[in-house]
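Just below is one structure, and these are the notes that go with it.
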Amino acid sequence: MISLSRRRLIKGLASIPLASVAGCSTSPYGSTDSYLSQILEPQQQNTVFLWTDIVLQQIRDQRLTPPRAAYNIAMPFAAGFLAANGIAKMYDEPFGIGEGPAYADPEIAYGVAFSIAAAEVFQQPFLIEKYRFLNRFKNSDAKSAAVAWGEKVGRHVVKMRNNDGAEPSEANFYLGRYERREDSLRWRPTGPFYSASPGPAFATFDRGLFPGQGQIKPWTMTSSAQFRATDFYSPDSPEFALEFDHIRQLGGANSQLRSAEQSTIALFWEDGPWGVTPPGHFMYIAMQVLKDSPQPFLELARNFALLAMTQCDASISAWDNKYHHDILRPESAIRQRAEQFANPDPRVITQRDWRSYIPTPAFPSYSSGHSTFGA
C-alpha cells in the first residue's frame with residue numbers, strides 16, 4: 001500500500017478546484033485541433049480569428065446542436081465588438097453600452113468581453129484562453145483600462161440577454177405556443193433515433209428538439225415570425241408528388257440515382273456530430289474568405305458580430321417556421337403515410353424499407369434550417 005502523507009493529500013485536494021475552474025481548454029494555433037491551423041498562415045492571425053477558433057472548438061467538443069450553436073456564437077461576438085467599439089466610437093449601436101476610456105486598447109477589451117459572454121453561453125470559464133490572450137500584450141495603463149472596460153461590457157451584454165427565452169425551461173418545451181396539426185402532414189419523431197415504427201414509445205419523444213427556439217428574443221429581426229414561410233404544399237397536389245418522388249429517388253440511403261459526388265457533398269454540408277454545425281461552418285467560411293483581404297480590426301469585429309447575430313436569428317426564424325408549420329419528415333411520409341395523402345400521382349407510394357441517406361433529426365422539416373443559415 002502506498003503511504004499518502006498529509007502534505008501530499010492537502011496538495012492533491014487543493015488542485016481539484018483549480019482544475020475544475022480552469023475547465024476544458026481549447027487548443028492553440030499550431031495544433032491539429034485548431035481550425036486556424038488548417039487555413040491560416042501565422043501572419044494572418046488576429047484577435048477576431050483567435051476567438052472564433054476558440055468557440056468553434058467548443059461547438060465541436062461539446063457536440064452542440066445547430067440551434068444551440070447559433071445561439072452561443074451571437075453573444076460573445078456581439079460583446080467583443082461592443083467593447084471595442086465603445087473605445088473606438090466608430091459605430092452607433094442600439095444596446096446602450098456607452099463610451100469606454102479613450103486610452104484603452106480596443107483589442108484587449110474585445111477579448112475580455114468576448115470571454116465573459118462565451119463563458120456564460122458555453123458554461124466554460126475560458127480562464128486559460130483568456131490568460132494566453134492577455135499575455136500577448138504588455139502590461140500598461142491601456143491594458144488595465146481595457147480589461148476593466150471589457151469586463152463591464154461583457155457583464156452588461158450577459159445581463160441584457162437574461163430571460164431572452166433561451167433558458168431550458170423555455171426553449172425545450174412547446175408551452176402552448178404552437179398549435180399542432182391534426183392532418184396527415186403532422187410531424188412525429190422518426191428515423192433511427194426513435195425507430196420508424198408506430199408504437200407507444202413515440203409519446204415520450206413527441207416534443208422534439210427545442211420547440212421554443214423560435215420564441216427566443218432576436219438580435220436583428222423585429223420578431224421571430226418576421227420571415228414566416230408560406231404554407232407547405234397540399235399533400236394531394238402535383239407539387240407535393242414531385243417533391244415526394246424526388247426525395248424518395250435521390251435522398252434514400254440506397255439511392256441508385258445519387259452520384260458519389262452528390263453523396264460527398266451531402267455529408268460535407270450535413271455538418272453532423274463532432275463538427276462545427278451549419279452556423280459554425282459559415283463562421284469558418286468567413287475566416288477563409290477574409291484571411292486574404294485584411295480588414296481593420298474594428299471592421300472585422302463588426303462583420304463577425306453581424307454574421308454571428310444573424311446566424312442566431314436564422315435559427316430563431318427556422319425553428320419558428322418548423323414548429324409553426326409542423327411538417328413531417330420524408331422518412332415518415334415515404335415509409336408510413338403515402339396512402340393517407342390521397343394524392344392521385346402513382347409516384348406517391350409507400351416504401352416501408354426506405355431510409356434517408358442523412359439521419360433524420362428530431363424536429364419538423366419545414367423550413368430547412370441548413371438553408372436558412374446559408375441564406
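Ligands are numbered from 1 in the order shown, residues from 1 within each chain, and chains are lettered A, B, ... in the order they appear in the C-alpha cells.
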
*Find the residues around Asn85 (chain A) up to 9 Å (only C-alpha atoms counted), leave out those fewer than 6 positions away in its own chain, and share them as an MDAnalysis selection string.*
chainID A and resid 91:93 99:100 106 110 298 302

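When CA of Gly212 (chain A) is paired with CA of His281 (chain A), their separation reads 23.5 Å.
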
_If I take CA of Pro125 (chain A) and CA of Gly280 (chain A), how far is one from the other in Å, to one decimal?_
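Taking CA of Pro125 (chain A) as the start and CA of Gly280 (chain A) as the end point, the length is 20.3 Å.
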
Between region 42-143 of chain A and region 148-161 of chain A, at 10 Å or less, what are the per-residue closest atom pairs and their distances in Å? Count only C-alpha atoms, order by chain and rising residue number, and return it as a tab-separated table.
residue	atom	partner	partner_atom	distance
A:Met75	CA	A:Val157	CA	7.2
A:Pro76	CA	A:Gly154	CA	8.1
A:Ala78	CA	A:Val157	CA	8.1
A:Ala79	CA	A:Gly154	CA	5.6
A:Gly80	CA	A:Gly154	CA	7.6
A:Phe81	CA	A:Val153	CA	9.8
A:Leu82	CA	A:Val153	CA	7.3
A:Ala83	CA	A:Gly150	CA	5.6
A:Ala84	CA	A:Gly150	CA	8.0
A:Gly86	CA	A:Trp149	CA	8.9
A:Ile87	CA	A:Trp149	CA	8.8
A:Phe95	CA	A:Met160	CA	8.4
A:Gly96	CA	A:His156	CA	9.3
A:Ile97	CA	A:Val153	CA	6.9
A:Gly98	CA	A:Val153	CA	9.2
A:Glu99	CA	A:Trp149	CA	9.5
A:Gly100	CA	A:Trp149	CA	6.4
A:Pro101	CA	A:Trp149	CA	7.6
A:Ala104	CA	A:Trp149	CA	8.2
A:Asp105	CA	A:Trp149	CA	9.7
A:Pro106	CA	A:Gly150	CA	8.7
A:Glu107	CA	A:Gly150	CA	9.5
A:Ile108	CA	A:Gly150	CA	7.5
A:Ala109	CA	A:Gly150	CA	4.2
A:Tyr110	CA	A:Gly150	CA	6.4
A:Gly111	CA	A:Gly150	CA	7.5
A:Val112	CA	A:Gly150	CA	5.0
A:Ala113	CA	A:Gly154	CA	4.1
A:Phe114	CA	A:Gly154	CA	6.6
A:Ser115	CA	A:Gly154	CA	7.8
A:Ile116	CA	A:Gly154	CA	5.4
A:Ala117	CA	A:Gly154	CA	5.6
A:Ala118	CA	A:Gly154	CA	9.1
A:Ala119	CA	A:Val158	CA	9.8
A:Glu120	CA	A:Val158	CA	7.2
A:Val121	CA	A:Val158	CA	8.8
A:Lys143	CA	A:Ala148	CA	8.7

Write to file, as a CSV table (one decimal), in the first residue's frame, the residues of the selection just made, with C-alpha atoms.
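File produced: part_36.csv:
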chain,number,residue,atom,x,y,z
A,75,MET,CA,-23.4,36.8,-27.5
A,76,PRO,CA,-19.6,36.6,-27.5
A,78,ALA,CA,-21.6,41.0,-30.1
A,79,ALA,CA,-20.0,41.6,-26.7
A,80,GLY,CA,-16.5,41.8,-28.2
A,81,PHE,CA,-17.4,44.2,-30.9
A,82,LEU,CA,-19.4,46.4,-28.5
A,83,ALA,CA,-16.5,46.6,-26.1
A,84,ALA,CA,-14.0,47.6,-28.8
A,86,GLY,CA,-17.1,51.7,-27.1
A,87,ILE,CA,-13.4,52.7,-27.1
A,95,PHE,CA,-27.7,48.4,-26.8
A,96,GLY,CA,-26.8,51.4,-24.6
A,97,ILE,CA,-23.2,50.4,-24.0
A,98,GLY,CA,-21.8,53.9,-23.7
A,99,GLU,CA,-18.3,55.1,-24.2
A,100,GLY,CA,-15.2,53.4,-22.9
A,101,PRO,CA,-11.9,55.1,-21.9
A,104,ALA,CA,-7.8,51.8,-23.5
A,105,ASP,CA,-6.7,49.1,-26.1
A,106,PRO,CA,-9.8,48.0,-28.0
A,107,GLU,CA,-8.4,44.6,-28.9
A,108,ILE,CA,-7.8,43.7,-25.3
A,109,ALA,CA,-11.3,44.9,-24.4
A,110,TYR,CA,-12.7,42.8,-27.2
A,111,GLY,CA,-11.1,39.6,-25.9
A,112,VAL,CA,-12.1,40.2,-22.3
A,113,ALA,CA,-15.7,41.0,-23.1
A,114,PHE,CA,-15.8,38.0,-25.6
A,115,SER,CA,-14.5,35.6,-23.0
A,116,ILE,CA,-17.1,36.7,-20.4
A,117,ALA,CA,-20.0,36.3,-22.7
A,118,ALA,CA,-18.6,33.0,-24.1
A,119,ALA,CA,-18.2,31.7,-20.5
A,120,GLU,CA,-21.9,32.3,-20.0
A,121,VAL,CA,-23.3,30.6,-23.0
A,143,LYS,CA,-4.2,47.2,-20.9

10 Å contact set for Ile358 (chain A), only C-alpha atoms, chain neighbours under 5 positions out, as a compact mmCIF listing (two decimals) with N, CA and C atoms, in the first residue's frame:
# COMPACT_ATOMS: atom_id res chain seq x y z
N GLY A 191 -37.16 7.99 -37.86
CA GLY A 191 -35.75 7.77 -38.16
C GLY A 191 -35.06 6.88 -37.15
N GLY A 251 -32.79 10.83 -52.29
CA GLY A 251 -32.36 11.02 -50.91
C GLY A 251 -32.28 9.77 -50.08
N GLY A 252 -32.58 8.62 -50.67
CA GLY A 252 -32.55 7.37 -49.90
C GLY A 252 -31.14 6.88 -49.64
N ALA A 253 -30.99 6.10 -48.58
CA ALA A 253 -29.67 5.57 -48.23
C ALA A 253 -29.10 4.70 -49.35
N SER A 263 -23.20 12.42 -52.95
CA SER A 263 -23.18 11.86 -51.59
C SER A 263 -22.14 12.56 -50.73
N ALA A 266 -23.38 16.01 -49.83
CA ALA A 266 -24.41 15.94 -48.80
C ALA A 266 -23.79 15.79 -47.41
N LEU A 267 -22.80 14.93 -47.29
CA LEU A 267 -22.14 14.73 -45.99
C LEU A 267 -21.36 15.97 -45.57
N GLU A 270 -23.86 18.43 -44.31
CA GLU A 270 -24.65 17.97 -43.17
C GLU A 270 -24.12 18.58 -41.87
N GLY A 272 -22.57 17.16 -39.34
CA GLY A 272 -23.12 16.33 -38.27
C GLY A 272 -22.31 16.36 -37.00

Which residues are close to Ile59 (chain A), i.e. within 8 Å by only C-alpha atoms, leaving aside same-chain residues fewer than 6 positions away? Reply as a PDB file with C-alpha atoms, in the first residue's frame.
ATOM      1  CA  ALA A  69     -24.516  26.600 -31.515  1.00  0.00           C
ATOM      2  CA  GLY A 275     -18.383  19.198 -36.366  1.00  0.00           C
ATOM      3  CA  VAL A 276     -18.947  22.921 -36.074  1.00  0.00           C
ATOM      4  CA  THR A 277     -22.608  22.682 -37.248  1.00  0.00           C
ATOM      5  CA  GLY A 280     -20.179  27.453 -37.156  1.00  0.00           C
TER       6      GLY A 280
END

*What is the distance, in Å and to one decimal place, between CA of Lys322 (chain A) and CA of Gly369 (chain A)?*
8.6 Å

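Taking only C-alpha atoms into account, Arg186 (chain A) lies nearest to A:Ala333 out of the set A:Leu257, A:Ala375, A:Ala333, A:Ala102.
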
*List the neighbours of Tyr366 (chain A) out to 12 Å using only C-alpha atoms; skip same-chain residues closer than 2 positions along the sequence, and give me the result as JSON, numbers by chain.*
{"A": [185, 186, 187, 228, 229, 230, 231, 232, 233, 317, 318, 319, 320, 321, 322, 323, 324, 325, 326, 327, 328, 329, 330, 363, 364, 368, 369, 370, 371, 372]}

_DSSP alpha helix (DSSP H) residues within region 160-344 of chain A, as JSON, numbers by chain_ = {"A": [160, 168, 169, 170, 171, 238, 239, 240, 241, 242, 243, 244, 245, 246, 247, 248, 249, 250, 260, 261, 262, 263, 264, 265, 266, 267, 268, 269, 270, 277, 278, 279, 280, 281, 282, 283, 284, 285, 286, 287, 288, 289, 290, 297, 298, 299, 300, 301, 302, 303, 304, 305, 306, 307, 308, 309, 310, 311, 312, 313, 314, 315, 316, 317, 318, 319, 320, 321, 322, 323, 324, 325, 330, 331, 332]}

Just want the 9 Å neighbourhood of Asp292 (chain A), counted on only C-alpha atoms, with same-chain residues fewer than 3 positions away dropped. Output as an mmCIF file with N, CA and C atoms, in the first residue's frame.
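around.cif, freshly written:
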data_model
loop_
_atom_site.group_PDB
_atom_site.id
_atom_site.type_symbol
_atom_site.label_atom_id
_atom_site.label_comp_id
_atom_site.auth_asym_id
_atom_site.auth_seq_id
_atom_site.Cartn_x
_atom_site.Cartn_y
_atom_site.Cartn_z
ATOM 1 N N GLN A 44 -1.402 35.712 -40.741
ATOM 2 C CA GLN A 44 -2.816 36.017 -40.966
ATOM 3 C C GLN A 44 -3.652 35.957 -39.687
ATOM 4 N N GLN A 288 -12.070 32.006 -43.978
ATOM 5 C CA GLN A 288 -11.377 31.649 -45.212
ATOM 6 C C GLN A 288 -11.490 32.753 -46.262
ATOM 7 N N VAL A 289 -12.659 33.362 -46.348
ATOM 8 C CA VAL A 289 -12.883 34.412 -47.343
ATOM 9 C C VAL A 289 -12.075 35.661 -47.014
#

*9 Å contact set for Leu36 (chain A), only C-alpha atoms, chain neighbours under 6 positions out, as an MDAnalysis selection string*: chainID A and resid 28:30 45 49:50 52:53 284 287

*asked:* When you count only C-alpha atoms, which of these residues is closest to Phe341 (chain A): A:Asp61, A:Asp236, A:Asp33, A:Glu179?
replied: A:Asp236

*Using only C-alpha atoms: which of A:Gln215, A:Gln262, A:Thr47, A:Thr310 has the shortest distance to Phe282 (chain A)*: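 Smallest separation from Phe282 (chain A) among the options: A:Thr310.
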
_I'd like to know which of A:Ser37, A:Gln213, A:Thr65, A:Gln123 is closest to Asp313 (chain A), using only C-alpha atoms._
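Nearest candidate to Asp313 (chain A) out of A:Ser37, A:Gln213, A:Thr65, A:Gln123: A:Gln213.
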